[in-house]
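Asker: The structure's right below; bear with me while I get my questions together.
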Amino acid sequence: MLDIQFIRDHPEKVKKAIIDKQLPPRVNVEVVDRILELDKKRRDLILQSETIRRERNELAESLKTSRTENEISVGRTLKQKLAEIDPELKRIENSLDEIMLMVPGVPADDVPIGKDENDNVVARTWGKPPKFNFKLKDHIELGESLDILDVNRGTKVAGFRGYFLKNKGALMQLGLMRYGFDKLVAKGFTPMIPPVLDLPRCFINTGHFPWGQVDVYKTFDDREEQNIRHLAGTAEVPLASYHQDEVLSESDLPKKYAGFSSCFRREIGSYGKDTRGIYRVHEFMKIEQVILDVNDVNKSRQWLEDLTAISEEILQELGLPYRVLLMCTGEMGEPQFRKYDIETWMPARQTSSGEADKPSIGAYGETHSASAMLDFQSRRANIRYKAKDGSTKFVHMLNNTMIASPRILIALWENHQQKDGSIAIPKALVPYLGFEVIEKS
RNA sequence: GGAGGAGUGUGCCGAAUGGUAAGGCACCGCUCUCGAAAAGCGGCGGGCGCAAGCCCUUGCAGGUUCGAUUCCUGUCUCCUCCGCCA
């Protein structure tokens with residue numbers, strides 16, 4: 001959520017953000033005008049309401065000592081007036097609150113303006129895609145031949161996009177999670193296992209709602225509306241709300257959280273995409289980092305670099321080639337100020353971007369995403385801190401993927417496959433797995 | 001699921017039984033000091049307003065009243081006990 005004062009002062013910047021982020025027609029620039037209009041109405045009504053309240057307080061004060069029938073009837077009139085104005089004020093405020101949630105965060109000045117993935121800017125590339133002197137297998141062939149993945153029974157049990165990890169495949173996923181957790185703990189992060197069946201408010205806080213409702217699973221129990229929970233698609237959701245409605249102390253910042261959780265995604269908008277294998281699935285495991293720090297743009301920028309560096313560090317340790325993309329405005333989420341995605345090389349990944357008669361084999365696939373939100377989320381979640389100068393400010397928030405599996409398994413399996421059909425385990429992972437290779441049993 | 005108790009401003013404590021949220025601790029600034037402590041003064045929720053200032057804020061939502069922390073209804077959370085389950 002933006003500061004209403006910012007919208008009053010810079011309506012054009014907000015409108016530009018709506019356009020640049022490719023939000024129309026879901027969100028149109030007219031919401032800005034509508035907000036300014038409601039804001040004006042709201043302030044008029046507040047003035048009226050407060051004038052009456054003031055009269056009421058003065059009257060009540062004088063009625064403390066003596067009271068006449070006449071004064072009491074004046075009081076009744078005031079009460080009547082309030083009963084007309086306040087519901088109207090409340091109605092306006094509710095509309096304003098609702099529409100304020102539709103307004104996106106304004107991107108940084110140096111974010112490339114663009115409409116899709118072609119407009120992202122490659123910030124840097126690390127490693128070289130491996131060359132294979134034997135017939136390449138994709139992750140499904142590898143997984144099935146080594147009995148570490150079962151997609152057919154996965155879809156039997158869980159439907160489309162279902163999968164089983166088996167044997168060393170299952171051990172590998174847990175090992176990766178522990179590897180990621182340990183690394184972050186060593187860097188001073190607080191390891192967390194958060195609830196992922198969360199209240200709607202949490203999804204509003206992160207900015208997943210109101211825009212992304214259809215992507216999130218909804219659950220009911222047999223009682224009332226207030227018992228609705230949603231399954232979080234990332235531990236960012238519960239972690240970002242951990243300090244909801246709290247006032248922290250500047251000396252407590254930064255807060256660095258590492259959340260391990262299962263993640264659930266409906267993938268409603270991507271029925272035809274990535275239908276093969278375990279690239280795009282409805283449930284997976286992930287360690288997500290969430291940072292809360294002081295209200296300082298430069299510090300947020302630095303955090304975004306630092307968080308991205310952590311992801312790069314693990315990809316390097318895992319021996320996986322990758323590239324870092326500075327995301328363009330059209331590829332950013334509504335809350336974001338600045339965002340890097342990391343794409344990891346997947347040797348057997350097929351993309352639609354190749355020529356029709358010459359399908360391209362091997363592609364970078366998104367495995368990590370780091371975002372700076374400034375105070376967009378903290379305004380929604382109402383997370384503030386008391387600064388050293390005594391003032392109360394909203395924290396800045398960021399998040400980043402540490403490691404997400406099974407998608408990362410695609411890169412690990414395909415990049416590290418060997419001529420004999422086995423898969424080599426990167427050195428960094430061996431202590432967490434207890435084996436150095438996955439081979440046919 | 002049943003019974004009882006509790007929830008007060010920004011972190012902590014806490015007063016006010018129908019007259020409009022006292023006070024203390026913590027924190028920040030200033031004075032004093034070589035410095036610190038102590039002491040004193042001011043600040044330390046949200047909103048409207050150029051400002052003076054005003055309005056709101058006792059878990060939440062309603063109701064009664066000229067006036068509600070206080071009375072009534074609903075509801076959430078926590079605690080204790082019972083039941084059920086792991």
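Going through the structure tokens in order, the chains are called A, B, and so on, while each chain numbers its residues from 1 and the ligands are numbered from 1 in the order shown.
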Using only C-alpha atoms (C1' of nucleotides), which chain B residues lie at most 8 Å away from chain A, written as a PyMOL selection string?
Answerer: chain B and resi 10-11+19-20+27-28+44+48+54-55+66-67
Asker: Excluding Ser300 (chain A) and any residue of its chain fewer than 6 positions from it, enumerate the residues within 8 Å of it, using only C-alpha atoms (C1' of nucleotides), and give them as a PyMOL selection string.
Answerer: chain A and resi 293+372+374+396-398
Asker: Quote the spacing between CA of Gln302 (chain A) and CA of Asn118 (chain A) in Å to one decimal place.
Answerer: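 These atoms are spaced 25.7 Å apart.
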Asker: Excluding region 315-330 of chain A and its own-chain neighbours fewer than 2 positions away, which residues fall within 6 Å of it when counting only C-alpha atoms (C1' of nucleotides)? Please give them as an MDAnalysis selection string.
Answerer: chainID A and resid 20:22 111:116 119:128 312:313 332 339:345 426
Asker: When DSSP is applied to the backbone of this structure, which of region 213-329 of chain A are assigned strand (DSSP E)? Write them out as JSON, numbers by chain.
Answerer: {"A": [217, 218, 219, 229, 230, 231, 247, 248, 249, 255, 256, 257, 258, 259, 260, 261, 262, 263, 264, 283, 284, 285, 286, 287, 288, 289, 290, 291, 292, 293, 322, 323, 324, 325, 326]}
Asker: Any idea what's packed within 12 Å of C30 (chain B), counting only C-alpha atoms (C1' of nucleotides), ignoring anything in its chain fewer than 5 positions away? Could you give it as a JSON list (two decimals) with N, CA and C atoms (P, O5', C5', C4', C3', O3' and C1' of nucleotides), in the first residue's frame?
Answerer:
[["chain", "number", "residue", "atom", "x", "y", "z"],
["B", 40, "G", "P", 12.89, 14.46, 39.23],
["B", 40, "G", "O5'", 12.96, 15.78, 38.36],
["B", 40, "G", "C5'", 12.92, 17.06, 38.99],
["B", 40, "G", "C4'", 13.19, 18.13, 37.98],
["B", 40, "G", "C3'", 12.32, 18.10, 36.73],
["B", 40, "G", "O3'", 11.04, 18.66, 36.95],
["B", 40, "G", "C1'", 14.57, 18.41, 36.11],
["B", 41, "C", "P", 9.78, 18.10, 36.12],
["B", 41, "C", "O5'", 10.01, 18.73, 34.67],
["B", 41, "C", "C5'", 10.00, 20.15, 34.51],
["B", 41, "C", "C4'", 10.41, 20.50, 33.09],
["B", 41, "C", "C3'", 9.63, 19.79, 31.99],
["B", 41, "C", "O3'", 8.36, 20.35, 31.74],
["B", 41, "C", "C1'", 11.93, 19.72, 31.50],
["B", 42, "G", "P", 7.16, 19.37, 31.28],
["B", 42, "G", "O5'", 7.55, 19.00, 29.79],
["B", 42, "G", "C5'", 7.49, 19.99, 28.78],
["B", 42, "G", "C4'", 8.16, 19.51, 27.52],
["B", 42, "G", "C3'", 7.56, 18.28, 26.86],
["B", 42, "G", "O3'", 6.38, 18.56, 26.13],
["B", 42, "G", "C1'", 9.90, 18.08, 26.89],
["B", 43, "G", "P", 5.29, 17.40, 25.94],
["B", 43, "G", "O5'", 5.99, 16.38, 24.94],
["B", 43, "G", "C5'", 6.25, 16.74, 23.59],
["B", 43, "G", "C4'", 7.17, 15.75, 22.95],
["B", 43, "G", "C3'", 6.60, 14.37, 22.68],
["B", 43, "G", "O3'", 5.82, 14.34, 21.51],
["B", 43, "G", "C1'", 8.76, 14.16, 23.61]]
Asker: With DSSP run on the backbone, what are the alpha helix (DSSP H) residues within region 381-431 of chain A? I'd like them as a ChimeraX atom specification.
Answerer: /A:381,407-415,430-431
Asker: Give me the residues near region 257-272 of chain A as a list in words, where near means some atom within 7 Å (using only C-alpha atoms (C1' of nucleotides)) and where sequence neighbours in that chain fewer than 3 positions away do not count.
Answerer: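 Selected residues are Leu184, Phe189, Thr190, Pro191, Met192, Ile193, Pro194, Val214, Asp215, Val216, Tyr217, Leu231, Ala232, Gly233, Thr234, Ala235, Thr275, His282, Glu283, Phe284, Met285, Lys286, Ile287, Glu288, Gln289, Val290 and Ile291 of chain A.
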Asker: Name the residues in contact with U69 (chain B) at a cut-off of 9 Å, using only C-alpha atoms (C1' of nucleotides), excluding same-chain residues fewer than 5 positions from it; report them as a ChimeraX atom specification.
Answerer: /B:8,16,21,58
Asker: Please indicate the distance in Å from CA of Glu144 (chain A) to CA of Leu412 (chain A), rounded to one decimal place.
Answerer: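 Straight-line distance from CA of Glu144 (chain A) to CA of Leu412 (chain A) works out to 15.2 Å.
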Asker: For a quick check of understanding, using only C-alpha atoms, which of A:His208, A:Arg26, A:Lys218, A:Arg280 has the smallest distance to Glu236 (chain A)?
Answerer: A:His208
Asker: Ranking A:Glu84, A:Arg338, A:Pro254, A:Ile438 by minimum distance to Gln418 (chain A) and counting only C-alpha atoms, which one comes first?
Answerer: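 Checking each of A:Glu84, A:Arg338, A:Pro254, A:Ile438 against Gln418 (chain A), counting only C-alpha atoms, the winner is A:Ile438.
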Asker: Considering only C-alpha atoms (C1' of nucleotides), return as number ranges by chain whatever protein or nucleic-acid residues lie within 10 Å of Leu136 (chain A), sequence-local ones (same chain, fewer than 3 positions apart) excluded.
Answerer: A: 131-133, 139, 141-142, 347-348, 414-415, 417-419, 421
Asker: May I have the selected residues written with N, CA and C atoms, as a short mmCIF file (atom, residue, chain, number, x, y, z; two decimals), in the first residue's frame?
Answerer:
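Written file, selection.cif:
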data_model
loop_
_atom_site.label_atom_id
_atom_site.label_comp_id
_atom_site.auth_asym_id
_atom_site.auth_seq_id
_atom_site.Cartn_x
_atom_site.Cartn_y
_atom_site.Cartn_z
N LYS A 131 28.69 -29.40 -21.91
CA LYS A 131 28.55 -30.14 -23.18
C LYS A 131 28.55 -31.62 -22.83
N PHE A 132 27.68 -32.37 -23.49
CA PHE A 132 27.60 -33.79 -23.19
C PHE A 132 28.06 -34.58 -24.41
N ASN A 133 28.94 -35.55 -24.20
CA ASN A 133 29.38 -36.38 -25.32
C ASN A 133 28.60 -37.70 -25.34
N HIS A 139 15.09 -34.63 -17.09
CA HIS A 139 14.97 -35.01 -15.67
C HIS A 139 13.95 -36.12 -15.44
N GLU A 141 13.33 -38.71 -17.62
CA GLU A 141 14.01 -39.97 -17.95
C GLU A 141 14.99 -40.36 -16.85
N LEU A 142 15.76 -39.39 -16.40
CA LEU A 142 16.73 -39.66 -15.34
C LEU A 142 16.01 -40.15 -14.08
N PRO A 347 19.69 -28.26 -18.97
CA PRO A 347 20.16 -28.71 -20.29
C PRO A 347 19.07 -29.30 -21.18
N ALA A 348 18.04 -29.92 -20.61
CA ALA A 348 17.05 -30.57 -21.46
C ALA A 348 15.74 -29.78 -21.55
N GLU A 414 19.98 -32.84 -14.39
CA GLU A 414 20.33 -32.73 -15.81
C GLU A 414 21.78 -32.26 -16.01
N ASN A 415 22.23 -31.30 -15.22
CA ASN A 415 23.60 -30.79 -15.38
C ASN A 415 24.64 -31.81 -14.94
N GLN A 417 24.34 -35.17 -14.83
CA GLN A 417 24.18 -36.55 -15.30
C GLN A 417 25.48 -37.02 -15.97
N GLN A 418 25.69 -38.32 -15.88
CA GLN A 418 26.93 -38.89 -16.43
C GLN A 418 26.60 -39.93 -17.49
N LYS A 419 27.64 -40.27 -18.26
CA LYS A 419 27.45 -41.14 -19.41
C LYS A 419 26.77 -42.46 -19.04
N GLY A 421 24.51 -42.96 -17.04
CA GLY A 421 23.13 -42.80 -16.61
C GLY A 421 22.99 -42.42 -15.14
#
Asker: Separation of CA of Pro104 (chain A) and CA of Glu37 (chain A), in Å?
Answerer: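 Straight-line distance from CA of Pro104 (chain A) to CA of Glu37 (chain A) works out to 18.3 Å.
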